[in-house]
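Visitor: The structure file my_file-v2.csv (CSV, C-alpha atoms) is provided below.
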```csv
chain,number,residue,atom,x,y,z
X,1,MET,CA,39.8,-13.7,-9.1
X,2,LEU,CA,37.9,-16.7,-10.3
X,3,ARG,CA,36.3,-17.0,-6.9
X,4,SER,CA,35.2,-13.4,-7.1
X,5,VAL,CA,33.5,-13.9,-10.5
X,6,THR,CA,31.8,-17.1,-9.3
X,7,LYS,CA,30.5,-15.2,-6.2
X,8,LEU,CA,29.1,-12.4,-8.4
X,9,ARG,CA,27.2,-14.9,-10.5
X,10,CYS,CA,25.6,-16.4,-7.4
X,11,GLY,CA,23.7,-13.3,-6.4
X,12,SER,CA,20.0,-13.1,-6.9
X,13,LEU,CA,17.0,-10.9,-6.0
X,14,ILE,CA,13.5,-11.8,-5.0
X,15,VAL,CA,11.1,-8.9,-4.4
X,16,VAL,CA,8.1,-9.5,-2.2
X,17,GLY,CA,5.2,-7.5,-0.8
X,18,THR,CA,4.0,-7.2,2.8
X,19,GLY,CA,0.5,-6.2,2.0
X,20,ILE,CA,-1.2,-3.0,3.2
X,21,SER,CA,-2.0,-4.1,6.7
X,22,GLY,CA,1.3,-5.9,7.1
X,23,VAL,CA,1.9,-9.3,8.7
X,24,ALA,CA,-1.6,-10.8,8.2
X,25,GLN,CA,-1.5,-10.0,4.5
X,26,THR,CA,2.0,-11.3,3.8
X,27,THR,CA,2.1,-14.5,1.8
X,28,LEU,CA,3.8,-17.7,3.0
X,29,GLU,CA,6.3,-17.6,0.1
X,30,ALA,CA,7.2,-14.0,0.9
X,31,VAL,CA,7.8,-14.9,4.5
X,32,ALA,CA,10.1,-17.8,3.4
X,33,CYS,CA,12.0,-15.5,1.1
X,34,MET,CA,12.5,-12.9,3.8
X,35,LYS,CA,13.7,-15.6,6.3
X,36,ARG,CA,16.2,-17.2,4.0
X,37,ALA,CA,17.7,-14.0,2.5
X,38,GLU,CA,21.3,-13.3,3.1
X,39,LYS,CA,20.5,-9.7,2.8
X,40,LEU,CA,17.0,-8.4,3.4
X,41,PHE,CA,16.1,-4.8,2.5
X,42,TYR,CA,12.6,-3.4,3.4
X,43,THR,CA,10.4,-0.4,3.2
X,44,VAL,CA,7.3,-0.6,5.3
X,45,ILE,CA,5.0,2.0,6.9
X,46,GLU,CA,3.8,0.2,10.0
X,47,PRO,CA,5.8,-0.4,13.2
X,48,THR,CA,4.7,-4.0,13.9
X,49,THR,CA,5.6,-5.1,10.3
X,50,GLU,CA,9.1,-3.6,10.8
X,51,VAL,CA,9.6,-5.4,14.2
X,52,TRP,CA,8.3,-8.6,12.7
X,53,ILE,CA,10.7,-8.3,9.7
X,54,ARG,CA,13.6,-7.6,11.9
X,55,GLU,CA,12.8,-10.6,14.1
X,56,LEU,CA,12.3,-12.8,11.1
X,57,ASN,CA,15.7,-11.9,9.7
X,58,PRO,CA,18.2,-10.1,11.9
X,59,ARG,CA,20.1,-9.0,8.8
X,60,ALA,CA,17.2,-6.8,7.7
X,61,ILE,CA,18.1,-3.3,6.6
X,62,SER,CA,15.5,-0.5,6.3
X,63,LEU,CA,15.5,1.6,3.1
X,64,THR,CA,13.0,4.0,4.6
X,65,GLY,CA,15.8,6.4,5.5
X,66,LEU,CA,16.4,7.1,1.9
X,67,TYR,CA,13.2,9.1,1.8
X,68,GLY,CA,13.6,12.7,3.0
X,69,ASP,CA,11.4,15.7,3.5
X,70,GLY,CA,11.6,17.7,0.3
X,71,LYS,CA,13.8,15.1,-1.4
X,72,LYS,CA,12.6,14.1,-4.9
X,73,ARG,CA,11.0,10.7,-4.8
X,74,SER,CA,12.7,9.9,-8.1
X,75,LYS,CA,16.1,10.3,-6.5
X,76,THR,CA,15.1,8.0,-3.6
X,77,TYR,CA,13.9,5.3,-6.1
X,78,VAL,CA,17.3,5.5,-7.9
X,79,GLU,CA,19.1,5.0,-4.6
X,80,MET,CA,16.9,2.1,-3.7
X,81,THR,CA,17.6,0.4,-7.0
X,82,ASP,CA,21.3,0.9,-6.5
X,83,HIS,CA,21.2,-0.7,-3.0
X,84,LEU,CA,19.5,-3.8,-4.3
X,85,VAL,CA,21.6,-4.1,-7.4
X,86,ASP,CA,24.9,-3.6,-5.5
X,87,ALA,CA,24.0,-6.3,-3.0
X,88,VAL,CA,23.2,-8.8,-5.7
X,89,ARG,CA,26.4,-7.9,-7.5
X,90,GLY,CA,28.1,-8.6,-4.2
X,91,GLY,CA,27.0,-12.3,-4.6
X,92,PHE,CA,24.3,-12.3,-2.0
X,93,ARG,CA,20.8,-13.9,-2.1
X,94,VAL,CA,18.9,-10.7,-1.7
X,95,CYS,CA,15.3,-10.2,-0.7
X,96,ALA,CA,13.5,-6.8,-0.9
X,97,ALA,CA,10.3,-6.4,0.9
X,98,PHE,CA,8.0,-3.4,0.1
X,99,TYR,CA,4.6,-2.7,1.6
X,100,GLY,CA,1.6,-3.4,-0.5
X,101,HIS,CA,2.4,-5.1,-3.8
X,102,PRO,CA,6.1,-4.7,-4.6
X,103,GLY,CA,5.4,-4.0,-8.3
X,104,VAL,CA,2.5,-1.5,-7.9
X,105,LEU,CA,3.8,2.1,-7.9
X,106,VAL,CA,7.3,0.9,-6.9
X,107,GLU,CA,9.7,2.0,-9.6
X,108,SER,CA,12.9,0.8,-7.9
X,109,THR,CA,11.9,-2.9,-7.8
X,110,HIS,CA,11.1,-3.0,-11.5
X,111,ARG,CA,14.3,-1.2,-12.4
X,112,ALA,CA,16.4,-3.4,-10.2
X,113,ILE,CA,15.0,-6.6,-11.7
X,114,LYS,CA,15.5,-5.3,-15.2
X,115,ARG,CA,19.1,-4.3,-14.6
X,116,LEU,CA,20.0,-7.5,-12.8
X,117,ARG,CA,18.4,-9.7,-15.5
X,118,LEU,CA,20.4,-7.8,-18.1
X,119,GLU,CA,23.5,-8.5,-16.2
X,120,GLY,CA,22.7,-12.2,-16.0
X,121,TYR,CA,21.4,-12.5,-12.4
X,122,ARG,CA,18.3,-14.3,-11.3
X,123,ALA,CA,15.7,-11.7,-10.3
X,124,ARG,CA,12.0,-12.0,-9.8
X,125,MET,CA,9.0,-10.5,-8.1
X,126,LEU,CA,6.3,-12.2,-6.0
X,127,PRO,CA,2.8,-10.6,-5.9
X,128,GLY,CA,1.5,-9.0,-2.8
X,129,VAL,CA,-1.8,-7.5,-1.6
X,130,SER,CA,-2.2,-4.0,-2.9
X,131,ALA,CA,-4.6,-1.1,-2.1
X,132,ASP,CA,-6.8,-1.8,-5.1
X,133,GLY,CA,-7.3,-5.4,-3.8
X,134,CYS,CA,-8.3,-4.0,-0.4
X,135,LEU,CA,-10.7,-1.6,-2.2
X,136,TYR,CA,-12.5,-4.4,-4.0
X,137,ALA,CA,-12.9,-6.3,-0.7
X,138,ASP,CA,-13.9,-3.3,1.5
X,139,ILE,CA,-16.4,-1.5,-0.7
X,140,GLY,CA,-17.7,-4.7,-2.4
X,141,LEU,CA,-16.5,-4.0,-5.9
X,142,ASN,CA,-16.3,-6.7,-8.5
X,143,PRO,CA,-14.0,-5.5,-11.4
X,144,GLY,CA,-15.6,-8.2,-13.5
X,145,ASP,CA,-18.9,-6.5,-13.5
X,146,CYS,CA,-18.1,-3.6,-15.8
X,147,GLY,CA,-14.3,-3.3,-15.6
X,148,VAL,CA,-12.0,-1.0,-13.8
X,149,GLN,CA,-9.4,1.3,-15.2
X,150,SER,CA,-6.5,2.3,-13.1
X,151,PHE,CA,-4.1,5.3,-13.4
X,152,GLU,CA,-1.6,7.1,-11.3
X,153,ALA,CA,-3.4,10.4,-10.7
X,154,THR,CA,-0.6,12.8,-11.9
X,155,ASP,CA,-0.1,10.7,-15.0
X,156,PHE,CA,-3.8,10.6,-15.6
X,157,LEU,CA,-3.9,14.4,-15.9
X,158,LEU,CA,-0.5,14.9,-17.5
X,159,SER,CA,-1.0,12.3,-20.3
X,160,ARG,CA,-4.7,13.1,-20.7
X,161,ARG,CA,-5.4,9.4,-20.4
X,162,ARG,CA,-8.4,8.2,-22.3
X,163,PHE,CA,-10.8,6.0,-20.4
X,164,ASP,CA,-14.3,4.7,-20.6
X,165,PRO,CA,-16.6,6.2,-17.9
X,166,THR,CA,-19.0,3.3,-18.1
X,167,SER,CA,-16.2,1.3,-16.3
X,168,GLY,CA,-15.0,2.1,-12.8
X,169,LEU,CA,-12.0,4.4,-12.5
X,170,ILE,CA,-9.2,4.2,-9.9
X,171,LEU,CA,-6.8,7.0,-9.5
X,172,TRP,CA,-3.8,6.2,-7.3
X,173,GLN,CA,-1.8,8.7,-5.3
X,174,VAL,CA,-4.4,11.5,-5.5
X,175,GLY,CA,-3.0,12.8,-2.2
X,176,VAL,CA,0.4,13.6,-3.8
X,177,LEU,CA,-1.1,14.9,-7.1
X,178,GLY,CA,1.7,16.7,-9.0
X,179,GLU,CA,4.2,16.4,-6.1
X,180,THR,CA,7.7,15.2,-6.9
X,181,ASP,CA,9.0,15.0,-3.4
X,182,ALA,CA,7.8,13.4,-0.2
X,183,ARG,CA,6.7,15.5,2.8
X,184,GLN,CA,5.1,14.2,5.9
X,185,GLY,CA,1.7,15.4,7.0
X,186,THR,CA,0.7,17.1,3.8
X,187,THR,CA,-2.6,16.8,2.0
X,188,CYS,CA,-3.5,17.3,-1.7
X,189,ARG,CA,-3.6,21.0,-2.6
X,190,PRO,CA,-7.2,22.2,-3.3
X,191,GLU,CA,-6.2,23.9,-6.5
X,192,ARG,CA,-4.9,20.6,-7.8
X,193,LEU,CA,-8.0,18.7,-6.8
X,194,GLN,CA,-9.9,21.5,-8.7
X,195,ILE,CA,-8.0,20.7,-11.9
X,196,LEU,CA,-8.6,17.0,-11.4
X,197,THR,CA,-12.3,17.6,-10.8
X,198,LYS,CA,-12.5,19.7,-13.9
X,199,ALA,CA,-11.0,16.9,-16.0
X,200,LEU,CA,-13.4,14.4,-14.5
X,201,ARG,CA,-16.4,16.7,-15.0
X,202,LYS,CA,-16.0,16.3,-18.8
X,203,HIS,CA,-17.3,12.8,-18.2
X,204,TYR,CA,-19.3,12.8,-15.0
X,205,SER,CA,-22.0,15.1,-13.6
X,206,ALA,CA,-21.2,17.3,-10.6
X,207,ASN,CA,-23.5,15.1,-8.5
X,208,HIS,CA,-21.6,11.9,-9.4
X,209,ARG,CA,-20.6,10.2,-6.2
X,210,VAL,CA,-16.9,9.4,-5.8
X,211,VAL,CA,-15.1,7.6,-3.1
X,212,VAL,CA,-11.9,8.8,-1.4
X,213,TYR,CA,-10.5,5.5,-0.1
X,214,TYR,CA,-7.9,4.7,2.4
X,215,ALA,CA,-7.1,1.0,3.1
X,216,SER,CA,-6.6,-0.2,6.7
X,217,THR,CA,-3.0,-0.4,7.7
X,218,PHE,CA,-3.5,-2.0,11.1
X,219,PRO,CA,-6.1,-4.6,12.2
X,220,THR,CA,-7.7,-2.4,14.8
X,221,ARG,CA,-8.1,0.5,12.3
X,222,PRO,CA,-11.0,0.4,9.9
X,223,PHE,CA,-10.6,1.4,6.3
X,224,VAL,CA,-12.0,4.7,5.2
X,225,ALA,CA,-14.3,5.1,2.3
X,226,LYS,CA,-15.5,8.7,2.2
X,227,ARG,CA,-18.3,9.2,-0.4
X,228,LEU,CA,-18.8,12.6,-1.7
X,229,ALA,CA,-20.2,14.4,-4.8
X,230,LEU,CA,-17.6,15.1,-7.4
X,231,ARG,CA,-18.3,18.8,-7.1
X,232,ASP,CA,-17.1,18.6,-3.4
X,233,LEU,CA,-13.8,16.9,-4.2
X,234,PRO,CA,-11.7,20.1,-4.3
X,235,ARG,CA,-12.8,20.9,-0.7
X,236,ALA,CA,-12.0,17.4,0.6
X,237,VAL,CA,-9.0,16.6,2.7
X,238,VAL,CA,-7.1,14.0,0.6
X,239,TRP,CA,-4.2,12.5,2.4
X,240,PRO,CA,-1.1,11.0,0.7
X,241,MET,CA,-2.0,7.4,1.0
X,242,ALA,CA,-5.6,7.8,-0.4
X,243,MET,CA,-6.9,6.6,-3.7
X,244,LEU,CA,-9.9,7.9,-5.6
X,245,TYR,CA,-12.5,5.6,-6.9
X,246,VAL,CA,-15.0,6.9,-9.5
X,247,PRO,CA,-17.9,4.5,-9.9
X,248,ALA,CA,-19.1,3.7,-13.5
X,249,LEU,CA,-21.8,5.5,-15.3
X,250,PRO,CA,-24.9,3.5,-16.4
X,251,GLN,CA,-24.0,0.8,-18.7
X,252,ARG,CA,-24.4,0.9,-22.5
X,253,ALA,CA,-26.9,-1.4,-24.2
X,254,ALA,CA,-25.2,-4.7,-25.2
X,255,ASP,CA,-23.9,-4.9,-28.8
X,256,ALA,CA,-26.6,-6.7,-30.8
X,257,THR,CA,-24.1,-8.1,-33.3
X,258,ILE,CA,-22.0,-9.6,-30.6
X,259,LEU,CA,-25.0,-10.9,-28.8
X,260,HIS,CA,-26.1,-12.6,-32.0
X,261,TRP,CA,-22.7,-14.0,-32.6
X,262,LEU,CA,-22.6,-15.4,-29.0
X,263,ASP,CA,-26.1,-17.0,-29.6
X,264,GLU,CA,-24.8,-18.8,-32.7
X,265,ARG,CA,-22.0,-20.5,-30.9
K,1,MET,CA,10.6,-17.2,17.9
K,2,GLY,CA,9.3,-13.8,18.9
K,3,ASN,CA,8.2,-13.2,15.3
K,4,MET,CA,5.8,-16.1,15.3
K,5,ARG,CA,4.1,-14.8,18.4
K,6,LEU,CA,3.8,-11.3,16.9
K,7,ALA,CA,2.5,-12.7,13.6
K,8,SER,CA,0.0,-15.0,15.4
K,9,PHE,CA,-1.2,-12.1,17.6
K,10,LEU,CA,-1.7,-9.8,14.5
K,11,VAL,CA,-3.5,-12.5,12.6
K,12,ASP,CA,-5.8,-13.0,15.6
K,13,LEU,CA,-6.4,-9.3,15.7
K,14,ALA,CA,-7.2,-9.3,12.0
K,15,ILE,CA,-9.6,-12.2,11.9
K,16,ASP,CA,-11.1,-12.6,15.4
K,17,ASP,CA,-13.7,-9.9,16.0
K,18,ALA,CA,-14.1,-10.6,19.7
K,19,PHE,CA,-10.4,-10.5,20.3
K,20,ARG,CA,-10.1,-7.2,18.3
K,21,ASP,CA,-13.0,-5.7,20.4
K,22,LYS,CA,-11.2,-6.7,23.6
K,23,PHE,CA,-8.0,-5.2,22.4
K,24,ASP,CA,-9.8,-2.1,21.3
K,25,GLU,CA,-11.2,-1.6,24.7
K,26,ASP,CA,-8.0,-2.2,26.6
K,27,PRO,CA,-4.9,-2.6,24.5
K,28,LYS,CA,-2.4,-2.9,27.3
K,29,GLY,CA,-4.5,-5.2,29.4
K,30,THR,CA,-5.0,-7.5,26.4
K,31,LEU,CA,-1.3,-7.6,25.8
K,32,ASP,CA,-0.7,-8.4,29.5
K,33,SER,CA,-3.2,-11.2,29.4
K,34,LEU,CA,-1.5,-13.1,26.5
K,35,LYS,CA,-0.5,-16.6,27.5
K,36,LYS,CA,2.7,-16.2,25.5
K,37,PRO,CA,3.8,-12.6,26.0
K,38,LEU,CA,5.2,-10.6,23.1
K,39,SER,CA,8.8,-9.3,23.2
K,40,ALA,CA,9.2,-5.8,24.5
K,41,ASN,CA,9.9,-4.5,21.0
K,42,ALA,CA,6.8,-6.2,19.5
K,43,ARG,CA,4.6,-4.9,22.3
K,44,ALA,CA,5.8,-1.3,21.8
K,45,ALA,CA,5.2,-1.7,18.1
K,46,VAL,CA,1.7,-3.0,18.5
K,47,LEU,CA,0.8,-0.1,20.8
K,48,ALA,CA,2.4,2.4,18.3
K,49,GLY,CA,0.6,0.8,15.4
K,50,ASP,CA,-2.7,1.0,17.2
K,51,GLY,CA,-1.9,4.5,18.6
K,52,PRO,CA,-2.9,7.8,17.0
K,53,GLU,CA,0.7,8.8,16.3
K,54,ILE,CA,0.8,6.4,13.4
K,55,PHE,CA,-1.6,8.7,11.5
K,56,ASP,CA,1.0,11.5,11.7
K,57,ILE,CA,3.5,9.2,10.1
K,58,LEU,CA,1.1,8.3,7.4
K,59,GLY,CA,-0.1,11.9,7.0
K,60,VAL,CA,-3.7,11.2,7.9
K,61,ASN,CA,-4.3,13.8,10.5
K,62,ASN,CA,-8.0,14.1,10.1
K,63,GLN,CA,-8.5,10.4,10.4
K,64,ASN,CA,-6.3,10.4,13.4
K,65,ASN,CA,-8.5,12.6,15.3
K,66,ALA,CA,-11.7,10.8,14.4
K,67,VAL,CA,-10.5,7.3,15.4
K,68,ALA,CA,-8.6,8.5,18.5
K,69,ARG,CA,-11.7,10.4,19.7
K,70,ARG,CA,-14.0,7.5,19.1
K,71,ARG,CA,-11.7,5.0,20.8
K,72,ALA,CA,-11.1,7.3,23.8
K,73,ALA,CA,-14.8,7.8,24.3
K,74,ARG,CA,-15.4,4.1,24.2
K,75,ARG,CA,-12.7,3.4,26.7
K,76,GLN,CA,-14.0,6.2,29.0
K,77,LYS,CA,-17.5,4.6,29.0
K,78,LYS,CA,-16.1,1.4,30.4
```
Using structure tokens, write down the structure that the file contains.
Guide:
Amino acid sequence: MLRSVTKLRCGSLIVVGTGISGVAQTTLEAVACMKRAEKLFYTVIEPTTEVWIRELNPRAISLTGLYGDGKKRSKTYVEMTDHLVDAVRGGFRVCAAFYGHPGVLVESTHRAIKRLRLEGYRARMLPGVSADGCLYADIGLNPGDCGVQSFEATDFLLSRRRFDPTSGLILWQVGVLGETDARQGTTCRPERLQILTKALRKHYSANHRVVVYYASTFPTRPFVAKRLALRDLPRAVVWPMAMLYVPALPQRAADATILHWLDER
Amino acid sequence: MGNMRLASFLVDLAIDDAFRDKFDEDPKGTLDSLKKPLSANARAAVLAGDGPEIFDILGVNNQNNAVARRRAARRQKK
């Protein structure tokens, strides 16, 4: 009995990311964690990353099978969390590898870490390369210039998020706007893009150029940055992995009071 | 150590423009010419990752056609 309790307390979880384009974007610390894990779970989208992970750690187990056509994503995320938590409770040093950044739009990792910490286990997350990082690099965007606001697209509409159009705007998961389940080969419904366009038109002109962006998932495949006028967005084919970037409107004049204050210092 | 070979190959592909061009022109030939060949699994995965089928998995059908067409045309030219 005592042995069993000691074993339970020994379990731990480290969550890592494998980047968007896989192996080349995986950090050294993430590689070390995957190698050393007693149990390694992974969810990746690209075949070489999967083979590489399985060769890195023969104990690797894919969680991708938990997704299903027509199955609610929220159900899949709960099941993923349970897999991770159960393995740690079993006393194992567990690593979970997710494509991209493991904390960006991945509910199950945050939930697992929270639950495990509450139960007294060691659980942490290492950062990874996410799609917004690729966007900055690929289209030459410096978020320090005028700021960038970032929202999940469905949440942006549902919660009527307030934002400043003189900063850049990133909307994630535009391709699955309003979708609660996962289906292969679908694109965003035009009527939903119409609603999104209508919401954006309150702040931007119909001619405002937006970017439908898709990060490269394999070294031989270039990223896609399709630039189009906002008015044309409802007719665009927006695939599930795409994000929408809306460039900032012209900048406001600097605040004279703040400028004066800065001069004084 | 198959994973090191695959990782090294993919990093080369990511950062070495000349090597990527060579692979782009002739994926199988490039894989055959490696001094340290990849494992059969790794080789199949590389060809699948590079191939147009991956776009179906990712749900990027329109992109699939554009890239596949461009690449096929370039290979035919050779």
Visitor: Residues at most 9 Å from region 11-23 of chain K, counting all atoms listed in the file, excluding those fewer than 6 positions away in the same chain, as a PyMOL selection string?
Guide: (chain X and resi 23-25+218-220) or (chain K and resi 29-31)
Visitor: Using all atoms listed in the file, find each residue of chain X with at least one atom at most 8 Å away from an atom of chain K; report its shortest atom-to-atom pair and that distance in Å (one decimal), sort the rows by chain and rising residue number, and return the result as a tab-separated table.
Guide:
```
residue	atom	partner	partner_atom	distance
X:Val23	CA	K:Ala7	CA	6.0
X:Ala24	CA	K:Val11	CA	5.1
X:Ile45	CA	K:Leu58	CA	7.4
X:Glu46	CA	K:Gly49	CA	6.3
X:Pro47	CA	K:Ala45	CA	5.1
X:Thr48	CA	K:Ala45	CA	4.8
X:Val51	CA	K:Ala42	CA	6.0
X:Trp52	CA	K:Asn3	CA	5.3
X:Ile53	CA	K:Asn3	CA	7.8
X:Glu55	CA	K:Asn3	CA	5.4
X:Leu56	CA	K:Asn3	CA	5.9
X:Gln184	CA	K:Gly59	CA	5.8
X:Gly185	CA	K:Gly59	CA	3.9
X:Thr186	CA	K:Gly59	CA	6.2
X:Thr187	CA	K:Gly59	CA	7.4
X:Phe218	CA	K:Gly49	CA	6.6
X:Pro219	CA	K:Ala14	CA	4.8
X:Thr220	CA	K:Arg20	CA	6.4
X:Arg221	CA	K:Asp50	CA	7.3
X:Val237	CA	K:Asn62	CA	7.9
X:Trp239	CA	K:Val60	CA	5.7
X:Pro240	CA	K:Gly59	CA	6.4
X:Met241	CA	K:Leu58	CA	7.2
```
Visitor: Contacts of region 63-75 of chain X at 9 Å or less, counting all atoms listed in the file, minus same-chain residues fewer than 3 places along, as a PyMOL selection string?
Guide: chain X and resi 41-45+78-80+83+107+179-184
Visitor: Write out the residues from the selection above, keeping C-alpha atoms, as a compact mmCIF listing (two decimals), keeping the file's coordinate frame.
Guide:
```txt
# COMPACT_ATOMS: atom_id res chain seq x y z
CA PHE X 41 16.10 -4.80 2.50
CA TYR X 42 12.60 -3.40 3.40
CA THR X 43 10.40 -0.40 3.20
CA VAL X 44 7.30 -0.60 5.30
CA ILE X 45 5.00 2.00 6.90
CA VAL X 78 17.30 5.50 -7.90
CA GLU X 79 19.10 5.00 -4.60
CA MET X 80 16.90 2.10 -3.70
CA HIS X 83 21.20 -0.70 -3.00
CA GLU X 107 9.70 2.00 -9.60
CA GLU X 179 4.20 16.40 -6.10
CA THR X 180 7.70 15.20 -6.90
CA ASP X 181 9.00 15.00 -3.40
CA ALA X 182 7.80 13.40 -0.20
CA ARG X 183 6.70 15.50 2.80
CA GLN X 184 5.10 14.20 5.90
```
Visitor: Counting all atoms listed in the file, find the residues whose atoms lie at most 7 Å from (-24.2, 10.6, -2.4) (file coordinates) and write them out as a list in words.
Guide: Arg209, Arg227, Leu228 and Ala229 of chain X
Visitor: Leaving out Leu249 (chain X) and any residue of its chain fewer than 5 positions from it, which residues lie within 9 Å of it when counting only C-alpha atoms, given as a list in words?
Guide: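 The filter keeps Pro165, Thr166, Ser167, Gly168, Tyr204 and His208 of chain X.
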Visitor: Nearest to Ile139 (chain X): which of X:Ala206, X:His260, X:Tyr245, X:Glu50 is it, counting all atoms listed in the file?
Guide: X:Tyr245
Visitor: Between CA of Val94 (chain X) and CA of Ala37 (chain X), what distance in Å does the model show, to one decimal?
Guide: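 One can read the CA of Val94 (chain X) to CA of Ala37 (chain X) distance as 5.5 Å.
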Visitor: Using CA of Ile258 (chain X) and CA of Val246 (chain X) as the two end points, give the distance in Å to one decimal.
Guide: 27.7 Å
Visitor: Report, in Å to a single decimal, how far apart CA of Val210 (chain X) and CA of Pro247 (chain X) are.
Guide: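 So the answer is 6.5 Å.
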Visitor: Please list as a PyMOL selection string every residue within 7 Å of Lys226 (chain X), counting all atoms listed in the file and excluding residues in the same chain fewer than 4 positions away.
Guide: chain X and resi 211-213
Visitor: Near Ser150 (chain X), within 8 Å and counting all atoms listed in the file, which residues show up once chain neighbours fewer than 5 positions away are dropped, as a PyMOL selection string?
Guide: chain X and resi 169-172
Visitor: Between X:Asp164, X:Ile113, X:Arg252, X:Ala96, which has the minimum distance to His203 (chain X) (counting only C-alpha atoms)?
Guide: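 Distance minimum relative to His203 (chain X) lands on X:Asp164.
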Visitor: Could you tell me which of X:Val224, X:Ala215, X:Leu177, X:Ala199 comes closest to Gly19 (chain X) if we count all atoms listed in the file?
Guide: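 Among the listed residues, the smallest separation from Gly19 (chain X) belongs to X:Ala215.
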Visitor: Taking (16.0, -13.8, -5.3) in the coordinates of the supplied file, I want to know which residues reach to within 10 Å of it, counting all atoms listed in the file; could you give the answer as a VMD selection string?
Guide: chain X and resid 11 to 16 33 to 34 36 to 38 88 92 to 96 113 121 to 126
Visitor: Can you save region 10-22 of chain X of the given block to a file, including N, CA, C and O atoms and formatted as a short mmCIF file (atom, residue, chain, number, x, y, z; two decimals), in the first residue's frame?
Guide:
```
data_model
loop_
_atom_site.label_atom_id
_atom_site.label_comp_id
_atom_site.auth_asym_id
_atom_site.auth_seq_id
_atom_site.Cartn_x
_atom_site.Cartn_y
_atom_site.Cartn_z
N CYS X 10 5.18 10.02 -7.33
CA CYS X 10 6.33 10.18 -8.22
C CYS X 10 5.94 10.66 -9.62
O CYS X 10 6.80 11.08 -10.37
N GLY X 11 4.69 10.56 -9.96
CA GLY X 11 4.28 10.92 -11.31
C GLY X 11 4.48 12.40 -11.59
O GLY X 11 4.46 13.23 -10.68
N SER X 12 4.72 12.71 -12.84
CA SER X 12 4.88 14.12 -13.22
C SER X 12 4.48 14.30 -14.69
O SER X 12 4.43 13.33 -15.45
N LEU X 13 4.23 15.54 -15.04
CA LEU X 13 3.85 15.83 -16.43
C LEU X 13 4.64 17.03 -16.95
O LEU X 13 4.73 18.06 -16.27
N ILE X 14 5.21 16.86 -18.14
CA ILE X 14 5.78 18.00 -18.86
C ILE X 14 5.12 18.04 -20.22
O ILE X 14 5.07 17.04 -20.94
N VAL X 15 4.58 19.20 -20.55
CA VAL X 15 3.90 19.37 -21.83
C VAL X 15 4.82 20.17 -22.74
O VAL X 15 5.35 21.21 -22.34
N VAL X 16 5.03 19.66 -23.95
CA VAL X 16 5.95 20.34 -24.88
C VAL X 16 5.27 20.56 -26.23
O VAL X 16 4.25 19.94 -26.54
N GLY X 17 5.86 21.45 -27.04
CA GLY X 17 5.33 21.70 -28.38
C GLY X 17 6.32 21.24 -29.43
O GLY X 17 7.54 21.27 -29.20
N THR X 18 5.80 20.81 -30.58
CA THR X 18 6.69 20.38 -31.66
C THR X 18 6.70 21.40 -32.80
O THR X 18 7.14 21.08 -33.91
N GLY X 19 6.21 22.60 -32.54
CA GLY X 19 6.23 23.63 -33.57
C GLY X 19 5.23 23.32 -34.68
O GLY X 19 4.56 22.29 -34.66
N ILE X 20 5.16 24.23 -35.62
CA ILE X 20 4.20 24.05 -36.71
C ILE X 20 4.79 23.18 -37.81
O ILE X 20 4.13 22.31 -38.36
N SER X 21 6.08 23.41 -38.12
CA SER X 21 6.67 22.61 -39.20
C SER X 21 7.40 21.38 -38.65
O SER X 21 8.14 20.72 -39.36
N GLY X 22 7.19 21.09 -37.38
CA GLY X 22 7.67 19.83 -36.83
C GLY X 22 9.10 19.84 -36.33
O GLY X 22 9.52 20.77 -35.63
#
```
